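S.K.: Sharing coords.pdb, PDB, C-alpha atoms:
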ATOM      1  CA  MET W   1    -239.759 129.013 -79.330
ATOM      2  CA  SER W   2    -236.442 129.376 -81.050
ATOM      3  CA  ALA W   3    -234.208 132.435 -80.836
ATOM      4  CA  ILE W   4    -234.354 135.054 -83.552
ATOM      5  CA  GLN W   5    -231.275 134.850 -85.734
ATOM      6  CA  PRO W   6    -229.573 138.134 -86.673
ATOM      7  CA  ASN W   7    -229.075 139.014 -90.350
ATOM      8  CA  ILE W   8    -226.017 137.301 -91.746
ATOM      9  CA  GLN W   9    -223.109 139.582 -92.523
ATOM     10  CA  PRO W  10    -220.113 138.836 -94.771
ATOM     11  CA  PRO W  11    -216.949 137.445 -93.145
ATOM     12  CA  VAL W  12    -214.798 140.070 -91.447
ATOM     13  CA  SER W  13    -211.564 139.083 -93.136
ATOM     14  CA  GLU W  14    -212.899 139.831 -96.597
ATOM     15  CA  GLU W  15    -214.137 143.208 -95.403
ATOM     16  CA  LEU W  16    -210.811 143.934 -93.740
ATOM     17  CA  GLU W  17    -208.973 143.110 -96.937
ATOM     18  CA  LEU W  18    -211.052 145.733 -98.778
ATOM     19  CA  VAL W  19    -210.412 148.270 -96.022
ATOM     20  CA  ARG W  20    -206.665 147.680 -96.201
ATOM     21  CA  ARG W  21    -206.641 148.061 -99.955
ATOM     22  CA  ALA W  22    -208.660 151.281 -99.628
ATOM     23  CA  LYS W  23    -206.197 152.534 -97.016
ATOM     24  CA  ARG W  24    -203.407 151.993 -99.520
ATOM     25  CA  GLY W  25    -205.282 154.273-101.915
ATOM     26  CA  ASP W  26    -207.237 151.716-103.967
ATOM     27  CA  ASP W  27    -210.472 153.563-104.669
ATOM     28  CA  SER W  28    -212.108 150.573-106.311
ATOM     29  CA  ALA W  29    -211.867 148.789-102.950
ATOM     30  CA  PHE W  30    -213.534 151.721-101.231
ATOM     31  CA  GLU W  31    -216.206 151.737-103.913
ATOM     32  CA  GLU W  32    -216.876 148.085-103.128
ATOM     33  CA  LEU W  33    -217.362 149.023 -99.475
ATOM     34  CA  VAL W  34    -219.813 151.714-100.563
ATOM     35  CA  ARG W  35    -221.758 149.179-102.639
ATOM     36  CA  ARG W  36    -221.739 146.749 -99.776
ATOM     37  CA  TYR W  37    -223.166 149.088 -97.164
ATOM     38  CA  ASP W  38    -224.935 151.999 -98.858
ATOM     39  CA  ARG W  39    -228.366 150.398 -98.496
ATOM     40  CA  ASN W  40    -227.833 149.806 -94.779
ATOM     41  CA  VAL W  41    -226.568 153.342 -94.174
ATOM     42  CA  PHE W  42    -229.520 154.771 -96.097
ATOM     43  CA  ARG W  43    -232.024 152.751 -94.060
ATOM     44  CA  ILE W  44    -230.431 153.710 -90.748
ATOM     45  CA  ALA W  45    -230.246 157.375 -91.782
ATOM     46  CA  GLN W  46    -233.845 157.486 -92.898
ATOM     47  CA  HIS W  47    -235.045 155.786 -89.720
ATOM     48  CA  ILE W  48    -233.224 158.352 -87.592
ATOM     49  CA  THR W  49    -233.850 161.536 -89.592
ATOM     50  CA  GLN W  50    -237.285 160.501 -90.932
ATOM     51  CA  ASN W  51    -236.507 162.606 -93.957
ATOM     52  CA  ARG W  52    -235.479 161.364 -97.385
ATOM     53  CA  GLU W  53    -233.263 164.323 -98.351
ATOM     54  CA  ASP W  54    -231.447 164.231 -95.042
ATOM     55  CA  ALA W  55    -230.925 160.492 -95.448
ATOM     56  CA  GLU W  56    -229.370 161.026 -98.892
ATOM     57  CA  ASP W  57    -227.020 163.645 -97.437
ATOM     58  CA  VAL W  58    -226.125 161.370 -94.534
ATOM     59  CA  VAL W  59    -225.171 158.550 -96.921
ATOM     60  CA  GLN W  60    -222.844 160.836 -98.868
ATOM     61  CA  ASP W  61    -221.326 162.560 -95.856
ATOM     62  CA  ALA W  62    -220.844 159.361 -93.865
ATOM     63  CA  PHE W  63    -218.948 157.640 -96.676
ATOM     64  CA  LEU W  64    -216.907 160.754 -97.419
ATOM     65  CA  LYS W  65    -216.003 161.062 -93.762
ATOM     66  CA  ALA W  66    -215.087 157.392 -93.629
ATOM     67  CA  TYR W  67    -212.908 157.844 -96.713
ATOM     68  CA  GLY W  68    -211.170 160.909 -95.297
ATOM     69  CA  ASN W  69    -210.548 159.259 -91.923
ATOM     70  CA  LEU W  70    -209.813 155.730 -93.029
ATOM     71  CA  SER W  71    -206.255 155.932 -91.721
ATOM     72  CA  GLN W  72    -207.699 156.450 -88.244
ATOM     73  CA  PHE W  73    -209.772 153.279 -88.385
ATOM     74  CA  GLN W  74    -207.842 151.033 -86.019
ATOM     75  CA  GLU W  75    -209.342 147.733 -87.174
ATOM     76  CA  GLN W  76    -210.381 146.871 -83.633
ATOM     77  CA  SER W  77    -214.020 146.722 -84.666
ATOM     78  CA  LYS W  78    -215.667 145.793 -87.942
ATOM     79  CA  PHE W  79    -215.463 148.508 -90.576
ATOM     80  CA  TYR W  80    -219.258 148.367 -90.784
ATOM     81  CA  THR W  81    -219.652 149.138 -87.061
ATOM     82  CA  TRP W  82    -217.269 152.086 -87.442
ATOM     83  CA  LEU W  83    -219.189 153.313 -90.478
ATOM     84  CA  VAL W  84    -222.523 152.983 -88.671
ATOM     85  CA  ARG W  85    -221.152 155.057 -85.825
ATOM     86  CA  ILE W  86    -220.219 157.837 -88.258
ATOM     87  CA  ALA W  87    -223.601 157.599 -90.002
ATOM     88  CA  VAL W  88    -225.590 157.681 -86.735
ATOM     89  CA  ASN W  89    -223.727 160.809 -85.619
ATOM     90  CA  GLU W  90    -224.325 162.521 -88.965
ATOM     91  CA  ALA W  91    -227.999 161.572 -88.852
ATOM     92  CA  LEU W  92    -228.463 162.805 -85.274
ATOM     93  CA  MET W  93    -226.771 166.082 -86.194
ATOM     94  CA  ARG W  94    -229.260 166.593 -89.000
ATOM     95  CA  LEU W  95    -232.170 165.650 -86.794
ATOM     96  CA  ARG W  96    -231.068 168.228 -84.226
ATOM     97  CA  ARG W  97    -230.737 170.857 -86.921
ATOM     98  CA  ARG W  98    -234.233 170.156 -88.127
ATOM     99  CA  ARG W  99    -235.747 170.077 -84.664
ATOM    100  CA  PRO W 100    -233.713 172.566 -82.647
ATOM    101  CA  GLU W 101    -236.519 172.941 -80.152
ATOM    102  CA  ARG W 102    -236.082 169.367 -78.976
ATOM    103  CA  THR W 103    -232.944 167.939 -77.493
ATOM    104  CA  VAL W 104    -231.922 164.813 -79.329
ATOM    105  CA  SER W 105    -229.528 162.601 -77.469
ATOM    106  CA  LEU W 106    -228.822 158.918 -77.227
ATOM    107  CA  ASP W 107    -227.704 159.252 -73.644
ATOM    108  CA  GLU W 108    -230.838 160.669 -72.148
ATOM    109  CA  GLU W 109    -232.886 158.257 -70.129
ATOM    110  CA  VAL W 110    -236.155 158.546 -71.974
ATOM    111  CA  LYS W 111    -239.264 158.225 -69.859
ATOM    112  CA  THR W 112    -241.543 155.582 -71.206
ATOM    113  CA  GLU W 113    -245.274 155.843 -71.274
ATOM    114  CA  ASP W 114    -245.690 152.892 -68.995
ATOM    115  CA  ASP W 115    -243.070 150.552 -67.626
ATOM    116  CA  SER W 116    -245.526 148.234 -65.978
ATOM    117  CA  LEU W 117    -246.207 144.753 -67.200
ATOM    118  CA  PRO W 118    -248.077 144.712 -70.519
ATOM    119  CA  ARG W 119    -251.542 143.170 -70.285
ATOM    120  CA  GLU W 120    -252.511 141.148 -73.280
ATOM    121  CA  VAL W 121    -255.137 138.546 -73.877
ATOM    122  CA  ALA W 122    -255.439 138.397 -77.652
ATOM    123  CA  ASP W 123    -252.671 137.194 -79.920
ATOM    124  CA  TRP W 124    -252.291 138.665 -83.415
ATOM    125  CA  SER W 125    -254.419 136.540 -85.599
ATOM    126  CA  PRO W 126    -254.615 136.212 -88.499
ATOM    127  CA  ASN W 127    -251.051 137.305 -89.233
ATOM    128  CA  PRO W 128    -250.668 141.041 -89.963
ATOM    129  CA  GLU W 129    -249.450 140.159 -93.480
ATOM    130  CA  GLN W 130    -252.843 138.576 -94.131
ATOM    131  CA  MET W 131    -254.796 141.450 -92.606
ATOM    132  CA  TYR W 132    -253.213 144.278 -94.574
ATOM    133  CA  ASN W 133    -251.798 144.666 -98.032
ATOM    134  CA  GLN W 134    -248.125 145.531 -98.394
ATOM    135  CA  SER W 135    -248.497 149.288 -98.685
ATOM    136  CA  GLU W 136    -250.972 149.498 -95.795
ATOM    137  CA  LEU W 137    -248.636 147.435 -93.669
ATOM    138  CA  ARG W 138    -245.653 149.566 -94.600
ATOM    139  CA  GLU W 139    -247.545 152.703 -93.628
ATOM    140  CA  ILE W 140    -248.477 151.233 -90.250
ATOM    141  CA  LEU W 141    -244.904 150.122 -89.566
ATOM    142  CA  THR W 142    -243.461 153.495 -90.601
ATOM    143  CA  LYS W 143    -245.920 155.491 -88.529
ATOM    144  CA  THR W 144    -245.386 153.239 -85.531
ATOM    145  CA  ILE W 145    -241.593 153.321 -85.481
ATOM    146  CA  GLN W 146    -241.565 157.074 -86.099
ATOM    147  CA  GLY W 147    -243.454 157.504 -82.839
ATOM    148  CA  LEU W 148    -240.574 156.077 -80.790
ATOM    149  CA  PRO W 149    -238.060 158.471 -79.177
ATOM    150  CA  PRO W 150    -234.861 158.700 -81.321
ATOM    151  CA  GLY W 151    -232.771 156.904 -78.698
ATOM    152  CA  PHE W 152    -235.050 153.865 -78.723
ATOM    153  CA  ARG W 153    -235.611 153.947 -82.462
ATOM    154  CA  THR W 154    -231.895 153.923 -83.192
ATOM    155  CA  VAL W 155    -231.144 150.993 -80.904
ATOM    156  CA  PHE W 156    -234.042 148.975 -82.359
ATOM    157  CA  VAL W 157    -233.011 149.678 -85.953
ATOM    158  CA  LEU W 158    -229.361 148.769 -85.432
ATOM    159  CA  ARG W 159    -230.048 145.695 -83.358
ATOM    160  CA  ASP W 160    -233.223 144.245 -84.826
ATOM    161  CA  VAL W 161    -233.457 145.599 -88.367
ATOM    162  CA  GLU W 162    -229.768 145.738 -89.307
ATOM    163  CA  GLY W 163    -228.793 142.753 -87.198
ATOM    164  CA  LEU W 164    -225.831 144.231 -85.305
ATOM    165  CA  SER W 165    -224.991 142.362 -82.110
ATOM    166  CA  THR W 166    -225.657 143.993 -78.748
ATOM    167  CA  GLU W 167    -221.933 144.678 -78.358
ATOM    168  CA  GLU W 168    -221.638 146.186 -81.865
ATOM    169  CA  THR W 169    -224.700 148.357 -81.217
ATOM    170  CA  ALA W 170    -223.118 149.550 -77.970
ATOM    171  CA  GLN W 171    -219.876 150.368 -79.799
ATOM    172  CA  ALA W 172    -221.637 152.171 -82.624
ATOM    173  CA  LEU W 173    -223.716 154.283 -80.256
ATOM    174  CA  ASP W 174    -221.124 154.749 -77.530
ATOM    175  CA  LEU W 175    -223.486 153.226 -74.979
ATOM    176  CA  SER W 176    -222.896 150.511 -72.401
ATOM    177  CA  VAL W 177    -224.196 146.996 -73.105
ATOM    178  CA  PRO W 178    -226.784 147.218 -70.265
ATOM    179  CA  ALA W 179    -227.978 150.570 -71.658
ATOM    180  CA  VAL W 180    -228.457 148.991 -75.100
ATOM    181  CA  LYS W 181    -230.324 146.052 -73.594
ATOM    182  CA  SER W 182    -232.636 148.254 -71.553
ATOM    183  CA  ARG W 183    -233.430 150.534 -74.515
ATOM    184  CA  LEU W 184    -233.939 147.553 -76.772
ATOM    185  CA  LEU W 185    -236.424 145.945 -74.411
ATOM    186  CA  ARG W 186    -238.405 149.147 -74.058
ATOM    187  CA  ALA W 187    -238.292 149.839 -77.800
ATOM    188  CA  ARG W 188    -239.514 146.334 -78.595
ATOM    189  CA  LEU W 189    -242.311 146.514 -76.032
ATOM    190  CA  GLN W 190    -243.449 149.960 -77.118
ATOM    191  CA  LEU W 191    -243.533 148.925 -80.769
ATOM    192  CA  ARG W 192    -245.364 145.745 -79.902
ATOM    193  CA  ASP W 193    -247.898 147.672 -77.866
ATOM    194  CA  ARG W 194    -248.518 150.206 -80.637
ATOM    195  CA  LEU W 195    -248.760 147.543 -83.340
ATOM    196  CA  SER W 196    -251.246 145.592 -81.243
ATOM    197  CA  ARG W 197    -253.679 148.462 -81.645
ATOM    198  CA  TYR W 198    -253.758 147.691 -85.364
ATOM    199  CA  PHE W 199    -253.291 143.971 -85.407
ATOM    200  CA  GLN W 200    -255.843 143.067 -82.781
ATOM    201  CA  LYS W 201    -258.706 145.161 -84.039
ATOM    202  CA  ARG W 202    -260.019 142.884 -86.730
ATOM    203  CA  ALA W 203    -259.303 139.791 -84.715
ATOM    204  CA  GLY W 204    -261.379 141.209 -81.853
ATOM    205  CA  GLY W 205    -264.294 141.656 -84.207
ATOM    206  CA  ASP W 206    -264.963 145.252 -83.158
ATOM    207  CA  GLY W 207    -263.567 146.149 -86.541
ATOM    208  CA  ASP W 208    -263.145 149.942 -86.654
ATOM    209  CA  LYS W 209    -259.965 149.767 -88.670
TER
ATOM    210  CA  MET A   1    -240.701 132.840 -61.961
ATOM    211  CA  LYS A   2    -242.944 135.906 -61.728
ATOM    212  CA  CYS A   3    -244.221 137.892 -64.702
ATOM    213  CA  THR A   4    -241.887 140.806 -63.917
ATOM    214  CA  GLU A   5    -238.883 138.461 -63.887
ATOM    215  CA  PHE A   6    -240.020 137.016 -67.172
ATOM    216  CA  LEU A   7    -240.238 140.478 -68.678
ATOM    217  CA  SER A   8    -236.753 141.440 -67.559
ATOM    218  CA  GLU A   9    -235.356 138.366 -69.354
ATOM    219  CA  LEU A  10    -237.507 138.717 -72.470
ATOM    220  CA  THR A  11    -234.864 140.398 -74.622
ATOM    221  CA  ASN A  12    -232.207 137.858 -73.651
ATOM    222  CA  TYR A  13    -234.664 135.056 -74.348
ATOM    223  CA  LEU A  14    -235.615 136.321 -77.792
ATOM    224  CA  ASP A  15    -231.942 136.838 -78.615
ATOM    225  CA  GLY A  16    -231.056 133.320 -77.517
ATOM    226  CA  ALA A  17    -228.716 134.694 -74.862
ATOM    227  CA  LEU A  18    -229.927 132.733 -71.830
ATOM    228  CA  ASP A  19    -228.307 129.849 -70.018
ATOM    229  CA  GLU A  20    -230.245 126.568 -70.161
ATOM    230  CA  ARG A  21    -231.570 126.805 -66.612
ATOM    231  CA  THR A  22    -233.043 130.316 -66.952
ATOM    232  CA  LYS A  23    -234.383 129.412 -70.368
ATOM    233  CA  SER A  24    -236.246 126.391 -69.057
ATOM    234  CA  GLU A  25    -237.640 128.380 -66.090
ATOM    235  CA  LEU A  26    -238.862 130.957 -68.542
ATOM    236  CA  GLU A  27    -240.418 128.389 -70.837
ATOM    237  CA  ASN A  28    -242.106 126.810 -67.860
ATOM    238  CA  HIS A  29    -243.586 130.214 -67.034
ATOM    239  CA  LEU A  30    -244.749 130.604 -70.639
ATOM    240  CA  SER A  31    -246.484 127.241 -70.549
ATOM    241  CA  TRP A  32    -249.037 128.405 -67.974
ATOM    242  CA  CYS A  33    -249.045 132.234 -68.162
ATOM    243  CA  HIS A  34    -251.155 133.164 -71.160
ATOM    244  CA  ASN A  35    -250.472 136.890 -70.819
ATOM    245  CA  CYS A  36    -246.706 136.491 -70.957
ATOM    246  CA  TYR A  37    -247.018 133.975 -73.776
ATOM    247  CA  VAL A  38    -248.915 136.505 -75.889
ATOM    248  CA  VAL A  39    -246.521 139.337 -75.004
ATOM    249  CA  CYS A  40    -243.562 137.135 -75.931
ATOM    250  CA  ASP A  41    -245.129 135.904 -79.156
ATOM    251  CA  THR A  42    -246.230 139.341 -80.366
ATOM    252  CA  THR A  43    -242.869 140.882 -79.448
ATOM    253  CA  ARG A  44    -241.175 138.242 -81.565
ATOM    254  CA  LYS A  45    -243.605 138.993 -84.390
ATOM    255  CA  THR A  46    -242.865 142.721 -84.009
ATOM    256  CA  ILE A  47    -239.165 142.093 -84.550
ATOM    257  CA  GLU A  48    -239.766 139.749 -87.475
ATOM    258  CA  ILE A  49    -242.229 142.034 -89.197
ATOM    259  CA  TYR A  50    -239.789 144.967 -89.054
ATOM    260  CA  ARG A  51    -236.875 142.834 -90.142
ATOM    261  CA  ASN A  52    -238.820 141.615 -93.174
ATOM    262  CA  SER A  53    -240.558 144.894 -93.909
ATOM    263  CA  GLU A  54    -238.102 146.373 -96.422
ATOM    264  CA  LEU A  55    -238.865 149.863 -95.161
ATOM    265  CA  TYR A  56    -236.731 152.561 -96.741
ATOM    266  CA  GLU A  57    -235.171 150.461 -99.456
ATOM    267  CA  LEU A  58    -232.810 152.483-101.605
ATOM    268  CA  PRO A  59    -234.222 152.701-105.159
ATOM    269  CA  ASP A  60    -231.741 151.648-107.873
ATOM    270  CA  ASP A  61    -231.654 155.008-109.680
ATOM    271  CA  LEU A  62    -231.049 156.973-106.488
ATOM    272  CA  ARG A  63    -228.495 154.398-105.428
ATOM    273  CA  GLY A  64    -226.571 154.882-108.657
ATOM    274  CA  ARG A  65    -226.607 158.666-108.247
ATOM    275  CA  LEU A  66    -225.437 158.466-104.640
ATOM    276  CA  GLN A  67    -222.613 156.071-105.478
ATOM    277  CA  SER A  68    -221.287 158.345-108.244
ATOM    278  CA  ALA A  69    -221.626 161.427-106.029
ATOM    279  CA  ILE A  70    -219.704 159.689-103.234
ATOM    280  CA  MET A  71    -216.880 158.551-105.487
ATOM    281  CA  THR A  72    -216.651 161.979-107.183
ATOM    282  CA  LYS A  73    -216.343 163.645-103.794
ATOM    283  CA  CYS A  74    -213.757 161.086-102.670
ATOM    284  CA  THR A  75    -211.668 161.768-105.781
ATOM    285  CA  ALA A  76    -211.899 165.515-105.164
ATOM    286  CA  HIS A  77    -210.873 164.923-101.552
ATOM    287  CA  LYS A  78    -207.908 162.848-102.676
ATOM    288  CA  GLN A  79    -206.745 165.571-105.037
ATOM    289  CA  LYS A  80    -206.846 168.096-102.217
ATOM    290  CA  LYS A  81    -205.058 165.752 -99.845
ATOM    291  CA  PRO A  82    -202.784 163.076-101.274
ATOM    292  CA  GLY A  83    -204.619 159.844-100.551
ATOM    293  CA  PRO A  84    -206.641 158.433 -97.649
ATOM    294  CA  GLN A  85    -203.633 156.478 -96.425
ATOM    295  CA  LYS A  86    -201.881 159.536 -95.055
ATOM    296  CA  ALA A  87    -202.167 159.532 -91.262
TER
END
Give the structure from the file, written as structure tokens.
M.R.:
Amino acid sequence: MSAIQPNIQPPVSEELELVRRAKRGDDSAFEELVRRYDRNVFRIAQHITQNREDAEDVVQDAFLKAYGNLSQFQEQSKFYTWLVRIAVNEALMRLRRRRPERTVSLDEEVKTEDDSLPREVADWSPNPEQMYNQSELREILTKTIQGLPPGFRTVFVLRDVEGLSTEETAQALDLSVPAVKSRLLRARLQLRDRLSRYFQKRAGGDGDK
Amino acid sequence: MKCTEFLSELTNYLDGALDERTKSELENHLSWCHNCYVVCDTTRKTIEIYRNSELYELPDDLRGRLQSAIMTKCTAHKQKKPGPQKA
């Protein structure tokens, strides 16, 4: 089996050039940065907040905050990683506001349902894309990822959906690299386990979809 | 290699972050352990299916509105404070 390749991102130097122009007050350069990353920020925000209006607010506030604090961006990381960090914090703040009864933190060591070795005999066959139409599949994927604790969900989205490296994810979330790796493993396994409940049913022939 | 050792290296394996020796030990394990093979394969499919899912795509009309709102707010911010370049 070959390794999964992360999503390809544009070269850093080009991004840095835009950032430097924006720092000098060139708003068209900042606008280009907005166009480049607004989709990513929206996706991340919606995954974390699970609310469309909140996600829209996060996109606006994150870019405005980035604009207002651009002079403090030290260029030691990618602009995108810095922006993601701002967006994640904004999104978590909104999530906490909406669910004040539950503590939402990336630092907490979330207890998993079961850390033992997964038992699996049946592969997913046919492929999920063949078993469900696009909107059914989307609903399953949304429901499944929404069931993960925020700390796991965020790591999975940054690392596996948005294609940040482990180190960039750690920087964006202010976590250590081992902490990112451990959350990522548990997030992946929990998602896999939950998806198996859908994707094995028909293959097993007991068919109560 | 035991199943628990395999599991602890699964993320590194899927990310292509293993040295050759560990990778070949792991692949040897996969060649005879059906359970771990299925776990590995379905975990990979989980990642791929989410990566390709296009969940929460930003619709064009909303995207346009958000971009204008952002730039309007940035301009207002700039007028209050002279320029983002000021440290």
S.K.: Write out, as CSV, each residue of chain A that has an atom at most 8 Å from chain W, together with the closest pair of atoms and their distance in Å to one decimal, counting all atoms listed in the file, rows going by chain and rising number.
M.R.:
residue,atom,partner,partner_atom,distance
A:Cys3,CA,W:Leu117,CA,7.6
A:Thr4,CA,W:Leu117,CA,6.7
A:Leu7,CA,W:Leu117,CA,7.5
A:Leu10,CA,W:Leu185,CA,7.6
A:Thr11,CA,W:Leu185,CA,5.8
A:Tyr13,CA,W:Ala3,CA,7.0
A:Leu14,CA,W:Ala3,CA,5.1
A:Asp15,CA,W:Ala3,CA,5.4
A:Gly16,CA,W:Ala3,CA,4.7
A:His34,CA,W:Val121,CA,7.2
A:Asn35,CA,W:Glu120,CA,5.3
A:Cys36,CA,W:Glu120,CA,7.8
A:Val38,CA,W:Asp123,CA,5.6
A:Val39,CA,W:Glu120,CA,6.5
A:Asp41,CA,W:Asp123,CA,7.7
A:Thr42,CA,W:Arg192,CA,6.5
A:Thr43,CA,W:Arg192,CA,5.5
A:Arg44,CA,W:Ile4,CA,7.8
A:Thr46,CA,W:Arg192,CA,5.7
A:Ile47,CA,W:Asp160,CA,6.3
A:Tyr50,CA,W:Val161,CA,6.4
A:Arg51,CA,W:Val161,CA,4.7
A:Ser53,CA,W:Arg138,CA,6.9
A:Leu55,CA,W:Arg138,CA,6.8
A:Tyr56,CA,W:Arg43,CA,5.4
A:Glu57,CA,W:Arg43,CA,6.7
A:Leu58,CA,W:Arg39,CA,5.8
A:Arg63,CA,W:Asp38,CA,7.8
A:Leu66,CA,W:Gln60,CA,6.8
A:Gln67,CA,W:Val34,CA,7.1
A:Ala69,CA,W:Gln60,CA,7.3
A:Ile70,CA,W:Gln60,CA,5.5
A:Met71,CA,W:Glu31,CA,7.0
A:Lys73,CA,W:Leu64,CA,7.0
A:Cys74,CA,W:Leu64,CA,6.1
A:His77,CA,W:Gly68,CA,7.4
A:Gly83,CA,W:Gly25,CA,5.8
A:Pro84,CA,W:Gly68,CA,5.7
A:Gln85,CA,W:Lys23,CA,4.7
A:Lys86,CA,W:Ser71,CA,6.6
A:Ala87,CA,W:Ser71,CA,5.5
S.K.: Rounded to one decimal in Å, what is the spacing between CA of Leu18 in chain W and CA of Gln79 in chain A?
M.R.: 21.2 Å
S.K.: Quick one: pull the distance between CA of Lys2 in chain A and CA of Glu25 in chain A, Å, one decimal.
M.R.: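 Between CA of Lys2 in chain A and CA of Glu25 in chain A the gap works out to 10.2 Å.
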S.K.: Hey, can I get the axis-aligned box for range 30-45 of chain A? All listed atoms, 4 Å padding on each side, centre and edge lengths in Å to one decimal, as JSON.
M.R.:
{"center_x": -246.2, "center_y": 134.1, "center_z": -76.2, "size_x": 18.0, "size_y": 21.6, "size_z": 24.4}
S.K.: Between W:Arg96, W:Arg183, W:Arg197, W:Lys143, which has the minimum distance to Asp54 in chain W (counting all atoms listed in the file)?
M.R.: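 Of W:Arg96, W:Arg183, W:Arg197, W:Lys143, the one nearest Asp54 in chain W is W:Arg96, counting all atoms listed in the file.
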S.K.: Quote the spacing between CA of Glu54 in chain A and CA of Leu83 in chain W in Å to one decimal place.
M.R.: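 Going from CA of Glu54 in chain A over to CA of Leu83 in chain W covers 21.0 Å.
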S.K.: My list of candidates is W:Glu14, W:Trp82, W:Ile48, W:Arg153. Which is closest to Glu32 in chain W when distances are computed with only C-alpha atoms?
M.R.: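 Closest candidate: W:Glu14.
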S.K.: Run the PyMOL selection byres ((chain W and resi 169) around 9) against the file shown and list the residues it catches, as a list in words.
M.R.: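 Applying the PyMOL selection byres ((chain W and resi 169) around 9) to the structure shown produces Thr81, Arg85, Val155, Leu158, Arg159, Leu164, Ser165, Thr166, Glu167, Glu168, Ala170, Gln171, Ala172, Leu173, Asp174, Leu175, Val177 and Val180 of chain W.
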